[in-house]
Amino acid sequence: MSAPSARLPRYAYVSPESAARHAKDTEEGLYNLLPGEVFWKNRCLFLHDRGYELRPRYRPDWKPSWIGTNRTPLFCEDSIMLNIPTVIDASRLSDDFRVAIKYTNSDTKELRIARYLTDQHSPRNHCIPVIEIVADPYEPRMSLMVMPYLRPFNDPEFGTINEVMDFIRQSLEGLAFLHECRIAHRDIAAANVMMDGRTLYLEGHHPVRIESLPDGVLDAHPVARSNSQVRYFFIDFGLSELFEEGDSTLVTGCTGRDKEIPELSNEVPYDAYRADVFALGNLYYKEFLSKYYGLDLIRPLVDMMKWKNPAQRPTADAAFHIFESIYHHTDETLLRWRLRSREESAPERVVYDTVAVAREGIYQLRKLIS
């Protein structure tokens with residue numbers, strides 16, 4: 001048996017009897033590649049030749065790293081399976097930049113829109129860029145779309161009011177830009193907004209077990225969003241519409257994750273842009289207003305974005321400017337204040353408020369000295 005690593009916790013190791021049992025489970029196929037993983041294993045060498053390296057689990061010569069050791073498979077990186085079979089993470093060989101590779105039909109609106117948006121060079125563009133699109137080596141009608149790897153926008157949790165305000169600013173700016181490009185997203189929801197988390201995780205994190213370091217074992221500890229620059233992105237343009245200049249923006253259909261948009265209909269046309277505005281306002285409500293105290297300053301804007309009558313809702317650009325006015329009239333001390341969860345107990349509130357007061361005191365002292 002191998003000697004325990006100094007970095008790994010003791011619970012990552014098991015008795016010889018347990019190790020033998022894990023070896024038997026492995027031999028019987030418990031940790032075999034899933035069908036979707038076999039798909040990527042078959043493309044591993046092709047992707048390597050294109051400059052992208054998959055994790056050890058998907059390489060042709062993979063052998064489970066725990067065999068012959070006293071480590072439990074749970075704490076071995078190569079036991080971690082894919083969550084989404086059509087998307088895999090990889091490292092770009094030239095600079096170790098982490099990417100996500102999506103298997104998709106070559107003739108889709110998503111690819112056309114993704115290409116179009118990638119060519120729109122603007123700091124206001126918050127749509128995930130495409131690094132390249134590669135023809136699949138086995139299926140001529142399919143492609144592999146390479147994009148930067150992103151993580152959920154709300155993991156880790158937001159810590160201050162200003163962190164939420166930064167997210168709202170970026171997402172409203174991004175939606176206004178999207179609509180200026182004559183594109184309606186049509187599927188705005190928490191799952192389709194992500195972030196580049198590299199500035200939060202200075203040691204990196206595992207691409208599937210995202211709460212862990214790249215080894216998939218030890219916990220990853222992010223820095224505060226307030227101490228870094230986080231950029232947020234809209235993803236997944238599979239349901240999006242690109243309108244030609246002068247075309248009507250009326251659409252039909254009840255597709256998309258947000259089923260609460262009141263005007264959704266398969267028969268009666270509705271404005272796709274105004275539906276986007278509702279969906280983004282609904283995201284703000286579900287992810288922030290319903291979870292935290294102290295965000296009443298954005299409630300009037302969210303209410304406007306969620307008005308039942310689409311014609312009464314502000315456009316994305318108007319909502320952005322309303323937000324900017326709210327932000328510039330908000331005291332900086334309030335913006336720096338912590339978010340208070342609606343599930344927080346009274347004792348927790350006392351402790352966290354005390355820490356927040358101390359932090360604000362340190363901030364003011366540093367400001368005075370400088």
# chains A, B, ... in the order shown; residues from 1 in each chain; ligands from 1
>>> residues_around(residues="Arg336 of chain A", least_positions_apart="2", cutoff="7 Å", atoms="only C-alpha atoms", output="short mmCIF file (atom, residue, chain, number, x, y, z; two decimals) with C-alpha atoms, in the first residue's frame")
data_model
loop_
_atom_site.label_atom_id
_atom_site.label_comp_id
_atom_site.auth_asym_id
_atom_site.auth_seq_id
_atom_site.Cartn_x
_atom_site.Cartn_y
_atom_site.Cartn_z
CA THR A 160 -22.19 42.35 0.40
CA ILE A 161 -24.85 44.58 -1.12
CA ASN A 162 -22.31 46.02 -3.54
CA GLU A 332 -21.18 53.87 -0.04
CA THR A 333 -21.40 52.59 3.52
CA LEU A 334 -24.67 50.83 2.72
CA ARG A 338 -23.07 42.58 4.37
#
>>> select_by_dssp(residues="segment 195-230 of chain A", states="strand (DSSP E or B)", output="PyMOL selection string")
chain A and resi 195-196+212+219
>>> closest_residue(among="A:Met165, A:Val130, A:Thr252, A:Asp247", to="Glu110 of chain A", atoms="only C-alpha atoms")
A:Val130
>>> select_by_dssp(residues="segment 38-214 of chain A", states="alpha helix (DSSP H)", output="count of residues only")
40
>>> residues_around(residues="segment 18-25 of chain A", least_positions_apart="5", cutoff="10 Å", atoms="only C-alpha atoms", output="VMD selection string")
chain A and resid 1 13 30 to 32 64 66 to 73
>>> write_last_selection(atoms="N, CA and C atoms", output="mmCIF file, in the first residue's frame")
data_model
loop_
_atom_site.group_PDB
_atom_site.id
_atom_site.type_symbol
_atom_site.label_atom_id
_atom_site.label_comp_id
_atom_site.auth_asym_id
_atom_site.auth_seq_id
_atom_site.Cartn_x
_atom_site.Cartn_y
_atom_site.Cartn_z
ATOM 1 N N MET A 1 0.835 -1.192 0.000
ATOM 2 C CA MET A 1 0.000 0.000 0.000
ATOM 3 C C MET A 1 0.881 1.257 0.000
ATOM 4 N N TYR A 13 -8.098 7.805 3.473
ATOM 5 C CA TYR A 13 -7.459 6.488 3.469
ATOM 6 C C TYR A 13 -8.329 5.483 4.207
ATOM 7 N N LEU A 30 -18.099 -0.593 -11.012
ATOM 8 C CA LEU A 30 -18.775 0.494 -10.303
ATOM 9 C C LEU A 30 -18.269 1.865 -10.739
ATOM 10 N N TYR A 31 -17.005 1.961 -11.080
ATOM 11 C CA TYR A 31 -16.414 3.257 -11.434
ATOM 12 C C TYR A 31 -16.109 3.362 -12.926
ATOM 13 N N ASN A 32 -16.709 2.485 -13.710
ATOM 14 C CA ASN A 32 -16.508 2.548 -15.157
ATOM 15 C C ASN A 32 -16.989 3.884 -15.724
ATOM 16 N N PRO A 64 -7.639 3.287 -12.918
ATOM 17 C CA PRO A 64 -8.017 3.942 -11.661
ATOM 18 C C PRO A 64 -6.823 4.097 -10.721
ATOM 19 N N TRP A 66 -6.603 4.583 -7.606
ATOM 20 C CA TRP A 66 -6.689 4.038 -6.248
ATOM 21 C C TRP A 66 -6.344 2.551 -6.176
ATOM 22 N N ILE A 67 -6.295 1.893 -7.311
ATOM 23 C CA ILE A 67 -5.963 0.465 -7.309
ATOM 24 C C ILE A 67 -4.515 0.284 -6.834
ATOM 25 N N GLY A 68 -4.337 -0.595 -5.853
ATOM 26 C CA GLY A 68 -3.009 -0.834 -5.307
ATOM 27 C C GLY A 68 -2.606 0.147 -4.231
ATOM 28 N N THR A 69 -3.557 0.992 -3.791
ATOM 29 C CA THR A 69 -3.282 1.944 -2.712
ATOM 30 C C THR A 69 -4.324 1.749 -1.620
ATOM 31 N N ASN A 70 -4.187 2.515 -0.550
ATOM 32 C CA ASN A 70 -5.189 2.489 0.510
ATOM 33 C C ASN A 70 -6.049 3.749 0.488
ATOM 34 N N ARG A 71 -6.154 4.374 -0.674
ATOM 35 C CA ARG A 71 -7.023 5.541 -0.817
ATOM 36 C C ARG A 71 -8.408 5.096 -1.261
ATOM 37 N N THR A 72 -9.419 5.780 -0.719
ATOM 38 C CA THR A 72 -10.783 5.497 -1.148
ATOM 39 C C THR A 72 -11.051 6.200 -2.478
ATOM 40 N N PRO A 73 -11.766 5.579 -3.401
ATOM 41 C CA PRO A 73 -12.029 6.207 -4.701
ATOM 42 C C PRO A 73 -12.682 7.580 -4.585
#
>>> closest_residue(among="A:Leu93, A:Leu54, A:Leu289, A:Leu178", to="Lys41 of chain A", atoms="only C-alpha atoms")
A:Leu54
>>> closest_residue(among="A:Met305, A:Ala12, A:Cys181, A:Ile298", to="His121 of chain A", atoms="only C-alpha atoms")
A:Cys181
>>> closest_atom_pairs(of="segment 96-119 of chain A", to="segment 197-217 of chain A", cutoff="10 Å", atoms="only C-alpha atoms", output="JSON lines")
{"residue": "A:Arg98", "atom": "CA", "partner": "A:Pro207", "partner_atom": "CA", "distance": 8.7}
{"residue": "A:Val99", "atom": "CA", "partner": "A:Pro207", "partner_atom": "CA", "distance": 9.6}
{"residue": "A:Ala100", "atom": "CA", "partner": "A:Pro207", "partner_atom": "CA", "distance": 9.3}
>>> residues_around(residues="Thr118 of chain A", least_positions_apart="6", cutoff="9 Å", atoms="only C-alpha atoms", output="number ranges by chain")
A: 125, 127-131
>>> residues_around(residues="segment 262-276 of chain A", least_positions_apart="4", cutoff="8 Å", atoms="only C-alpha atoms", output="tab-separated table (two decimals) with N, CA and C atoms, in the first residue's frame")
chain	number	residue	atom	x	y	z
A	179	HIS	N	-29.75	43.00	-26.76
A	179	HIS	CA	-30.89	43.51	-27.51
A	179	HIS	C	-30.46	44.51	-28.58
A	184	ALA	N	-32.66	38.23	-28.86
A	184	ALA	CA	-33.41	37.93	-27.63
A	184	ALA	C	-32.90	36.60	-27.10
A	185	HIS	N	-32.57	36.55	-25.83
A	185	HIS	CA	-32.02	35.32	-25.26
A	185	HIS	C	-33.09	34.24	-25.17
A	186	ARG	N	-34.22	34.57	-24.58
A	186	ARG	CA	-35.41	33.72	-24.47
A	186	ARG	C	-35.27	32.56	-23.49
A	187	ASP	N	-34.19	32.53	-22.73
A	187	ASP	CA	-34.06	31.46	-21.72
A	187	ASP	C	-33.22	31.95	-20.54
A	188	ILE	N	-33.49	33.18	-20.11
A	188	ILE	CA	-32.74	33.73	-18.98
A	188	ILE	C	-33.24	33.11	-17.69
A	249	THR	N	-40.12	41.88	-33.44
A	249	THR	CA	-39.55	41.07	-32.35
A	249	THR	C	-40.63	40.25	-31.65
A	250	LEU	N	-41.78	40.11	-32.30
A	250	LEU	CA	-42.84	39.28	-31.74
A	250	LEU	C	-42.55	37.81	-32.02
A	251	VAL	N	-42.76	36.99	-31.02
A	251	VAL	CA	-42.49	35.55	-31.13
A	251	VAL	C	-43.63	34.78	-30.46
A	252	THR	N	-43.62	33.49	-30.63
A	252	THR	CA	-44.53	32.60	-29.89
A	252	THR	C	-43.70	31.48	-29.29
A	253	GLY	N	-44.32	30.78	-28.34
A	253	GLY	CA	-43.64	29.64	-27.74
A	253	GLY	C	-43.53	29.75	-26.24
A	254	CYS	N	-43.64	28.61	-25.58
A	254	CYS	CA	-43.56	28.55	-24.11
A	254	CYS	C	-42.29	27.83	-23.65
A	280	LEU	N	-35.16	38.36	-16.39
A	280	LEU	CA	-34.02	38.84	-15.62
A	280	LEU	C	-34.48	39.45	-14.30
A	308	LYS	N	-46.86	42.85	-15.08
A	308	LYS	CA	-47.61	41.86	-15.86
A	308	LYS	C	-47.80	42.32	-17.30
A	310	PRO	N	-46.50	43.66	-20.50
A	310	PRO	CA	-45.16	43.83	-21.08
A	310	PRO	C	-44.88	45.26	-21.54
A	311	ALA	N	-45.89	45.95	-22.03
A	311	ALA	CA	-45.69	47.30	-22.55
A	311	ALA	C	-45.27	48.27	-21.45
A	313	ARG	N	-43.26	47.47	-18.92
A	313	ARG	CA	-41.90	47.18	-18.45
A	313	ARG	C	-40.89	48.08	-19.14
A	314	PRO	N	-39.83	48.45	-18.46
A	314	PRO	CA	-38.77	49.20	-19.13
A	314	PRO	C	-38.03	48.29	-20.11
A	315	THR	N	-37.43	48.89	-21.12
A	315	THR	CA	-36.52	48.12	-21.96
A	315	THR	C	-35.29	47.77	-21.13
A	316	ALA	N	-34.47	46.88	-21.65
A	316	ALA	CA	-33.24	46.53	-20.92
A	316	ALA	C	-32.35	47.75	-20.74
>>> closest_residue(among="A:Lys63, A:His221, A:Arg92, A:Lys259", to="Arg50 of chain A", atoms="only C-alpha atoms")
A:Arg92
>>> atom_distance(atom1="atom CA of Asn83 of chain A", atom2="atom CA of Leu34 of chain A")
10.4 Å
>>> closest_residue(among="A:Met194, A:Ile133, A:Leu74, A:Ile84", to="Pro35 of chain A", atoms="only C-alpha atoms")
A:Ile84
>>> closest_residue(among="A:Leu47, A:Ala318, A:Ala220, A:Met195", to="His126 of chain A", atoms="only C-alpha atoms")
A:Met195
>>> atom_distance(atom1="atom CA of Ser79 of chain A", atom2="atom CA of Gly29 of chain A")
12.0 Å
>>> decode(residues="segment 16-73 of chain A", atoms="C-alpha atoms", output="PDB file, in the first residue's frame")
ATOM      1  CA  PRO A  16      -6.704  -2.939   3.768  1.00  0.00           C
ATOM      2  CA  GLU A  17     -10.077  -4.702   3.919  1.00  0.00           C
ATOM      3  CA  SER A  18     -11.888  -1.631   2.597  1.00  0.00           C
ATOM      4  CA  ALA A  19      -9.244  -1.123  -0.080  1.00  0.00           C
ATOM      5  CA  ALA A  20      -9.773  -4.704  -1.238  1.00  0.00           C
ATOM      6  CA  ARG A  21     -13.532  -4.120  -1.346  1.00  0.00           C
ATOM      7  CA  HIS A  22     -13.062  -0.960  -3.443  1.00  0.00           C
ATOM      8  CA  ALA A  23     -10.789  -2.905  -5.780  1.00  0.00           C
ATOM      9  CA  LYS A  24     -13.491  -5.548  -6.204  1.00  0.00           C
ATOM     10  CA  ASP A  25     -16.153  -2.883  -6.839  1.00  0.00           C
ATOM     11  CA  THR A  26     -13.881  -1.324  -9.436  1.00  0.00           C
ATOM     12  CA  GLU A  27     -13.303  -4.657 -11.137  1.00  0.00           C
ATOM     13  CA  GLU A  28     -17.067  -5.184 -11.273  1.00  0.00           C
ATOM     14  CA  GLY A  29     -17.554  -1.853 -13.038  1.00  0.00           C
ATOM     15  CA  LEU A  30     -18.775   0.494 -10.303  1.00  0.00           C
ATOM     16  CA  TYR A  31     -16.414   3.257 -11.434  1.00  0.00           C
ATOM     17  CA  ASN A  32     -16.508   2.548 -15.157  1.00  0.00           C
ATOM     18  CA  LEU A  33     -16.951   5.432 -17.563  1.00  0.00           C
ATOM     19  CA  LEU A  34     -20.559   6.398 -18.171  1.00  0.00           C
ATOM     20  CA  PRO A  35     -21.786   6.216 -21.798  1.00  0.00           C
ATOM     21  CA  GLY A  36     -21.427   9.993 -22.128  1.00  0.00           C
ATOM     22  CA  GLU A  37     -17.893   9.749 -20.785  1.00  0.00           C
ATOM     23  CA  VAL A  38     -16.959   7.025 -23.271  1.00  0.00           C
ATOM     24  CA  PHE A  39     -18.004   9.508 -25.964  1.00  0.00           C
ATOM     25  CA  TRP A  40     -15.317  11.936 -24.777  1.00  0.00           C
ATOM     26  CA  LYS A  41     -12.718   9.224 -24.253  1.00  0.00           C
ATOM     27  CA  ASN A  42     -13.122   8.357 -27.931  1.00  0.00           C
ATOM     28  CA  ARG A  43     -12.284  11.981 -28.811  1.00  0.00           C
ATOM     29  CA  CYS A  44      -9.455  12.421 -26.309  1.00  0.00           C
ATOM     30  CA  LEU A  45      -6.570  11.979 -28.761  1.00  0.00           C
ATOM     31  CA  PHE A  46      -8.311  14.101 -31.400  1.00  0.00           C
ATOM     32  CA  LEU A  47      -8.751  16.932 -28.903  1.00  0.00           C
ATOM     33  CA  HIS A  48      -5.151  16.556 -27.764  1.00  0.00           C
ATOM     34  CA  ASP A  49      -4.018  17.041 -31.354  1.00  0.00           C
ATOM     35  CA  ARG A  50      -6.195  20.186 -31.462  1.00  0.00           C
ATOM     36  CA  GLY A  51      -4.428  21.494 -28.349  1.00  0.00           C
ATOM     37  CA  TYR A  52      -6.792  20.441 -25.547  1.00  0.00           C
ATOM     38  CA  GLU A  53      -6.105  17.892 -22.831  1.00  0.00           C
ATOM     39  CA  LEU A  54      -8.852  16.028 -20.994  1.00  0.00           C
ATOM     40  CA  ARG A  55      -8.481  14.908 -17.388  1.00  0.00           C
ATOM     41  CA  PRO A  56      -6.796  11.503 -16.753  1.00  0.00           C
ATOM     42  CA  ARG A  57     -10.137   9.674 -16.448  1.00  0.00           C
ATOM     43  CA  TYR A  58     -10.837  10.189 -20.159  1.00  0.00           C
ATOM     44  CA  ARG A  59      -7.448   9.227 -21.559  1.00  0.00           C
ATOM     45  CA  PRO A  60      -7.139   5.936 -23.486  1.00  0.00           C
ATOM     46  CA  ASP A  61      -4.598   4.513 -21.032  1.00  0.00           C
ATOM     47  CA  TRP A  62      -6.557   5.396 -17.882  1.00  0.00           C
ATOM     48  CA  LYS A  63      -6.292   3.032 -14.956  1.00  0.00           C
ATOM     49  CA  PRO A  64      -8.017   3.942 -11.661  1.00  0.00           C
ATOM     50  CA  SER A  65      -5.408   5.619  -9.472  1.00  0.00           C
ATOM     51  CA  TRP A  66      -6.689   4.038  -6.248  1.00  0.00           C
ATOM     52  CA  ILE A  67      -5.963   0.465  -7.309  1.00  0.00           C
ATOM     53  CA  GLY A  68      -3.009  -0.834  -5.307  1.00  0.00           C
ATOM     54  CA  THR A  69      -3.282   1.944  -2.712  1.00  0.00           C
ATOM     55  CA  ASN A  70      -5.189   2.489   0.510  1.00  0.00           C
ATOM     56  CA  ARG A  71      -7.023   5.541  -0.817  1.00  0.00           C
ATOM     57  CA  THR A  72     -10.783   5.497  -1.148  1.00  0.00           C
ATOM     58  CA  PRO A  73     -12.029   6.207  -4.701  1.00  0.00           C
TER      59      PRO A  73
END
